[in-house]
Every structure is written in C-alpha cells, then in structure tokens.
Amino acid sequence: MTQLDETQFDDHRLIAGIVAPEPGSALSRGLADGSLTEIEVAWSDPFGNAAGKRIPAGQFTARAAHGFAFCEAALGWNSDGTVIDSLRSTNWDDGYPDVHAIPDLGTFTRLPWRPNAGHVICDVLRPDGTASPLDSRGVLRRVLARLDGLGYSAKVGVELEFYLLNRDGTPIQDGIKAYSLQNANGLEPLISDLSATLGAFTRLEGVQTEYGPGQVETNLVFTDALAAADDSARLKYAAKEVARRHGKLASFMPKPFSEHSGSSAHLHISLWRDGEPAFAPVDGAENDLAQFAIAGLVEHLPSITLFGAHSVNAYRRYAPDSFAPDSVNWSRDNRSAAVRSLVEDSPHATRIELRSGASDANPYWLVASALAAVIAGIEAGRRPPAAGTGNLYGKGSPLPDSLGTACALTAQDDTILEILGPESVLDFVAIARSEWQAYRGHVSDWERARYLETS
C-alpha cells in the first residue's frame, strides 16, 4: 500500500485545556470567511456507527474547549439501540451522566456532500477530564501509548468490503466477477461518486469490485494507526450516505447472503522505530520483532476475534474455501491463513495482515485489539509455531464458532484485558453478549419451516 502526504489534514493544538484552530488552517479560514456554516462533531458508537451533533459554525470555537455534552448511554447501547444497564462504566445507578466530545481538530475536513459543512472526530472525556472507558477511540489511544512505551509506533492499512444493494436489500447486479472493470461500469454513476467522495473524505487508495454481486472492496492508504481507524470510520459513514443519495443501500453486514461471499475488514500492520520500518526482513524472512508480533496475534486471536466480529452474523464468514479464515494459524502470502505474513523486497512494505475482521467491526476496537495482541507478543518475546503451508482451512484450532463463544474467550484473556483496559473490554463484552442473547431468544422462520409440521 502506498503512503500519502498527510498535510491535507489540518494540525490542531490543545493548550491548557483550550482547543483552538491553527491559524491559517482550513478550519480557521472557513470559520473566518463564512464558508463554513456548520460543523459535525463526530464519535463512534460501540459498534462503529457514526454518531455526533451538528453545531452551527458560529458557536463551534467557543464550545469546543469544553466539549459537546451528550448522554453516556449513547456509548452503551447495542445494534437496535437497547441501552445495556449491566455495564460497569455507566448505568442507572449513576443516572447516565453527560460525557463530552472534545474535537481533535487535526481530523477536520469538509463534508464532500455538504460543502458548507465540516466534520471533526472527537475524543470522549468525562467531566473530570479522564477518557470514558466506553470510547473506542480512547481505547486505541491507550494501546498506542503502551506501544510507544516499547519504543514503537504502528502504521495500518485497512481493506473494507461491503455490498451495494437496492433499498429492499436485493442485489443490484448478477454474477461474481472480482476485479471486473465491466462490473464496475455497471455500477455507474454510483461507484464514481463513491470513489470521488471517499477520495475527498479519507486517504483512499482505490475501489474495485469484489467476489459477490454488487460487492466492492475499498483500500485505504496505510498511515498512522489512529488516522487509519479514523479513515475507516469515515469510510463507512460516507459510503452509506453516497448510496442513500443514489437510492441504494451500502451494507457492511458481514454475510448478507448465504450463497455469496461475506465482507471483511483486513488490517495490514507494520511497526516503526524512529521513522524506520521495524519489521525489516532478515535474510528474506521475518525478523525477531515480526516473529514476536505474529506469535502474539496467533496466541491471542481466539480472544480478540470478538473485536472484529461483534455481530451474530459475522461468524457465518468463517468457513472453508471462503477467503475468510476458519482456524488459528499463520503463513506467508497465503489467503487461507488467519495471519498472513508479507515479507517484501522493500522493508517499508513488509507487514503482517490480520484477516479475521468482519466488515461491520468498529475500526477502533479492531485496530486496538490487534495491536494489543502484537504488544503481548513483543512483551512475551516468544516465537510463533512454524508457518503453515498449503491449504490451511481446518489446520489449527478453530476460530470461535459463535458470538457467545467469542464473548467468553475475550473475558478470560487477562493479558488482553490488561492492555486494552478491563473496564472497557468487559463492558464491550456485555454489549456484544446482549446481541447473542437476543439472537438465542428469537425463533426464526427457518426453525418454524423445518420443525413446525415435522415435530
């Protein structure tokens, strides 16, 4: 993946609690000349959906220093908006108090579909100035600080797949022709609008058709880990809006069709020290640090799977011959493996790919959990098992087969809990478990059709 000059994204400063736009920045100019009439202040809900407020531009600077208050319950609900009262961080016992969205002004950019409006991503703090344990961006910041303490920074490239569908959920194309330029032409003008919008709103590397009817893959330029997660959150928000404006649906549901390919969120991870690639190969193979990182990912993959697969549906992806993994293993440039080591001629391009994530994953949790496993591997200093070869489906212990199993495994991994933050992890588990409980309590049409008369 190629690198992008990030100077198009403004700097910010936070001095003595005062958030102020940099003089001469796009935000400063837009506020001064009146071309900005509104700012979206944005954060992600537990499952990575875009949340926030629309703020009149004239009020933004004065209010930004103290943040934009909202109810902390908005960080504690599941996919249908049910607030989970069993959380440790917030519940009815404390009355669901306000938290504050503090803009990270370095993330400011214009909204491509509303050019008089801006968009800025926020960190979520409590009134005492500490991060809300429910803020997934804050969890990622915590992990990056731990990695920095080891002397490393992380860069991540993200691949996100999703389906473009009719509003009723039916496919807008027939056939499965990945990389097909003809299929891409058949998605016009939607796909050109999508590409242009994502190119203006994220660090987009490219768009291509994928292995399902109307399925597309978007590749984001590899960049610093926090910015990569920000871009991924924005990509989902923008893709849904572009599709809506064309009368279509962009769905990040991991497996919307039994007979067609699922959608993934793959991470390409590299570590850096003093601006140099820390995974630089030795004699054409993984160096010690890369081996430790792979070992951490393999050891903790069962317990971090949840953060890339928080929905009941996500576990339908893990099947043989699906281009999604089904077992805990690693290999070199092998798409049947869960962890794929890519040793390139260029040290700058050498990286580790984690292939277990589903397309609906919250990108902050997905990146944070992967890096937590990498950190665990580095701190343990152990080597991975031998790299697998050939067809690796069914080779190694199976990935969690359900959301319920994944929740249990996550709650049992003390190392991952400690790195990510126990309160944050256990509350995320509780929110995800509510999805599993809702599913288990529902009698499906399939069950009635199969058993109503035959039982």
# chains A, B, ... in the order shown; residues from 1 in each chain; ligands from 1
>>> select_by_dssp(residues="stretch 91-222 of chain A", states="alpha helix (DSSP H)", output="ChimeraX atom specification")
/A:136-149,181-186,190-201
>>> write_last_selection(atoms="C-alpha atoms", output="short mmCIF file (atom, residue, chain, number, x, y, z; two decimals), in the first residue's frame")
data_model
loop_
_atom_site.label_atom_id
_atom_site.label_comp_id
_atom_site.auth_asym_id
_atom_site.auth_seq_id
_atom_site.Cartn_x
_atom_site.Cartn_y
_atom_site.Cartn_z
CA SER A 136 -13.31 3.08 21.49
CA ARG A 137 -11.03 5.81 20.13
CA GLY A 138 -9.76 6.33 23.66
CA VAL A 139 -9.05 2.60 23.94
CA LEU A 140 -6.93 2.79 20.79
CA ARG A 141 -5.07 5.80 22.19
CA ARG A 142 -4.33 3.78 25.34
CA VAL A 143 -2.86 0.92 23.28
CA LEU A 144 -0.76 3.26 21.15
CA ALA A 145 0.67 4.83 24.32
CA ARG A 146 1.65 1.34 25.53
CA LEU A 147 3.30 0.64 22.18
CA ASP A 148 5.12 3.97 22.34
CA GLY A 149 6.47 2.94 25.73
CA LEU A 181 -13.98 -3.25 -14.81
CA GLN A 182 -17.15 -4.15 -16.72
CA ASN A 183 -18.96 -4.80 -13.45
CA ALA A 184 -17.62 -1.52 -12.13
CA ASN A 185 -19.02 0.25 -15.19
CA GLY A 186 -22.35 -1.41 -14.44
CA LEU A 190 -22.82 5.30 -8.06
CA ILE A 191 -19.30 3.89 -7.98
CA SER A 192 -17.69 7.03 -9.42
CA ASP A 193 -19.50 9.16 -6.88
CA LEU A 194 -18.39 6.76 -4.18
CA SER A 195 -14.76 6.91 -5.29
CA ALA A 196 -14.74 10.71 -5.54
CA THR A 197 -16.42 11.14 -2.16
CA LEU A 198 -14.14 8.71 -0.37
CA GLY A 199 -11.13 10.29 -2.04
CA ALA A 200 -12.10 13.68 -0.63
CA PHE A 201 -13.06 12.38 2.83
#
>>> select_by_dssp(residues="stretch 129-345 of chain A", states="strand (DSSP E or B)", output="number ranges by chain")
A: 131, 153-166, 171, 204-209, 215-220, 223-224, 248-251, 264-273, 276-277, 282, 285, 327, 330-332, 339-342
>>> closest_residue(among="A:Leu235, A:Ala449, A:Val343, A:Ala131", to="A:Asn49", atoms="only C-alpha atoms")
A:Leu235
>>> closest_residue(among="A:Arg167, A:Arg332, A:Arg317, A:Lys395", to="A:Ser251", atoms="only C-alpha atoms")
A:Arg167
>>> atom_distance(atom1="atom CA of A:Arg234", atom2="atom CA of A:Gln215")
18.7 Å
>>> residues_around(residues="A:Ala290", least_positions_apart="4", cutoff="12 Å", atoms="only C-alpha atoms", output="count of residues only")
34
